[in-house]
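J.: Just dropping this structure here.
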Amino acid sequence: PFVGNVIITMYSKFNLIEEAQKVFRLIKDKDIISWNTFIAACSHCADHEKGLRAFREMLNDCSLRPDDFTFASVLAACAGLASIYHGKQIHAHLIRTKLNQDIGVNNALVNMYAKCGSFGYACNIFKKMLHRNLVSWNTFVAGLGNHGLGEKALEIFDQMKATGLKPDSVTFIGLLVACNHAGLVDKGLYFFNSMEETYSIAPNIEHFSCLIDMLGRAGRLQEAEEYMSRYPFGRD
RNA sequence: UUUCUGGAGAUGU
């Protein structure tokens, strides 16, 4: 199955989920990684229903037990579908099987609840997590930002820095979204400018477009135009 | 070999 697993990942990077599925079907003696790889591939290609179907098939048709990687991917599928119904079932199962201690699984739970509109649950899980990594913080900052809790997102960012973790490109997208949704325009500008200066992270197309969007919504069109003229990605 | 986080816009009521 080894080679097949790699090929599935490769196809999914090109968004070719049908091709990935053909390969998956052809693998005989699928191992746990084959299933995990395929379910994750479905998520990456945004075919979340397919991912959930594969998960069901895994439970029914083979003797392999899902592991923490499996559940993280399945939860991503639930998040993609905004399906609190499936998500809660998985959560309950995780509690029963004690698989809810894994960082990746918890990150996926926080994200799932945030995306499914149960932000209170997301907060509780985040707070209870014993270990957090960069993805944990990024997920939570973005979740707050998406819910319009901009100031809170900035607080959490400060807490993150206090732990000694260095923000990355994804962190700043979360912060910019937070500033955008909460109307914290000057703070957004500050973050955009500081990411390169203090963290040597070059803004990419997402950062630029979020910033320009924010300036546009605030009616600060002259500044928006300035950033557009500095925009290094052509005329998207 | 596999997991979890990242922008905007577009339809309808």
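The way I read the labels, and the way they are meant: chains A, B, ... in the order of the structure tokens, residue 1 as the first residue of every chain, and ligand 1 as the first ligand shown, with later ones counted on from there.
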Mind listing the helix (DSSP H, G or I) residues of range 55-182 of chain A, per DSSP on the backbone, as a PyMOL selection string?

T.: chain A and resi 55-61+68-81+84-97+103-115+119-128+134-146+150-162+169-182

J.: Could you list the residues in chain B lying within 12 Å of chain A, using only C-alpha atoms (C1' of nucleotides), and format the result as a count of residues only?

T.: 9

J.: Hey, can you check how far CA of Cys45 in chain A sits from CA of Ala82 in chain A?

T.: 16.0 Å

J.: Let me make sure I understand: among A:Val23, A:Lys128, A:Tyr231, A:Cys42, which one has the smallest atom-to-atom distance to Ala202 in chain A if we use only C-alpha atoms?

T.: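 Counting only C-alpha atoms, the residue closest to Ala202 in chain A is A:Tyr231.
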
J.: Neighbours of range 181-187 of chain A within 10 Å (only C-alpha atoms (C1' of nucleotides); same-chain residues fewer than 2 positions away dropped), as a list in words?

T.: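 Residues meeting the cut-off are Leu144, Gly145, Asn146, His147, Gly148, Leu149, Gly150, Glu151, Leu154, Leu175, Leu176, Val177, Ala178, Cys179, Leu189, Tyr190, Phe191, Phe192, Asn193, Leu211, Met214, Leu215, Arg217, Ala218 and Arg220 of chain A.
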